[in-house]
Amino acid sequence: MAYTLYMHAQHRLHCGAVQQSTRKWGCPSAFVGLQRAGHLPCTKTPANFLDKTHAATTCVRSSGGFKRQTTRMMPIGVPRVPYRTPKEGGWQWVDIWNCLYRERIIFLGKAIDEETGNQLVATMLYLDSENKKDLNLYINCSGGDVVPCLALHDTMRHIKSDVVTVGFGGCMGMSGFLLAVGKKGKRYVLPNTRIMLHHPSGSARGQASDIQNEARELLRIRGYVNKMLAEATGKPLERVQHDFNRNYYFNTQEAKEYGIIDNIIKPPRSAMLGV
């Protein structure tokens, strides 16, 4: 009697194991097929991590599990574009800003601080080291700190490539200064661009001697900016000092007449009609 109960319990355990295997692999035939093919995880004991990973991947592929799908559309959430590298010859998804950098196009789209200035300086130096073609600096910016903008100005004068400046949207403050100090004959704006120039400003606190030193330094920077703008626009230094003492706004035609820009980019049809 005891032996009969023991055999009945063993039979129930065996049936439960078969049901679990069937639930895991889909059907008894698939279980037998995997057992014959030798793809079951318990068939062999892998020696190291690489063997374990390969065995698990092979088991999932053989059982009709998940498979990595080939991406055929642009990834969502990241501005990427398909780009074909000239040297490698293959297509790949590249960040849109890096793609523009490879075409020698640099965008300045936010207030210039130390981090943004360093990134733009590094980009200009690298692109200039590759070849001496024109660099295109697209500006839509509300201004920024004086020191990073002067660092960009020094870099534009240092590199051998001509820096073409293109203004769109708004070029205010020091970004308007960068627009004006681009390569003469290659300074462009779109028709509805807003341009504003003024003297650099600052604040100081502390002891009287510290405030005096800060004011002296600010006056020195203001004199340098006025000198560069006078050279870029062809206007007398005294007029530049007087005009930019406060916020001075230009439309595109006024900026062209003043000498801040050289050309206004218009659609072909409106250019033909003279609008």
# chains A, B, ... in the order shown; residues from 1 in each chain; ligands from 1
>>> residues_around(residues="stretch 196-199 of chain A", least_positions_apart="2", cutoff="9 Å", atoms="only C-alpha atoms", output="ChimeraX atom specification")
/A:170-177,194,201,222,225-226,241,243-251
>>> select_by_dssp(residues="stretch 58-275 of chain A", states="helix (DSSP H, G or I)", output="ChimeraX atom specification")
/A:58-62,96-102,114-130,146-158,174-180,208-233,237-243,252-258,268-273
>>> select_by_dssp(residues="stretch 98-139 of chain A", states="strand (DSSP E)", output="MDAnalysis selection string")
chainID A and resid 105:108 135:139
>>> closest_atom_pairs(of="stretch 177-271 of chain A", to="stretch 124-135 of chain A", cutoff="12 Å", atoms="only C-alpha atoms", output="Markdown table")
| residue | atom | partner | partner_atom | distance |
| --- | --- | --- | --- | --- |
| A:Gly182 | CA | A:Leu135 | CA | 10.3 |
| A:Lys183 | CA | A:Asp134 | CA | 9.8 |
| A:Lys186 | CA | A:Asp134 | CA | 9.8 |
| A:Arg187 | CA | A:Leu135 | CA | 11.9 |
>>> atom_distance(atom1="atom CA of A:Leu190", atom2="atom CA of A:Met156")
21.8 Å
>>> atom_distance(atom1="atom CA of A:Ile105", atom2="atom CA of A:Asp162")
12.4 Å
>>> closest_residue(among="A:Val94, A:Ile221, A:Val81, A:Leu100", to="A:Cys149", atoms="only C-alpha atoms")
A:Ile221
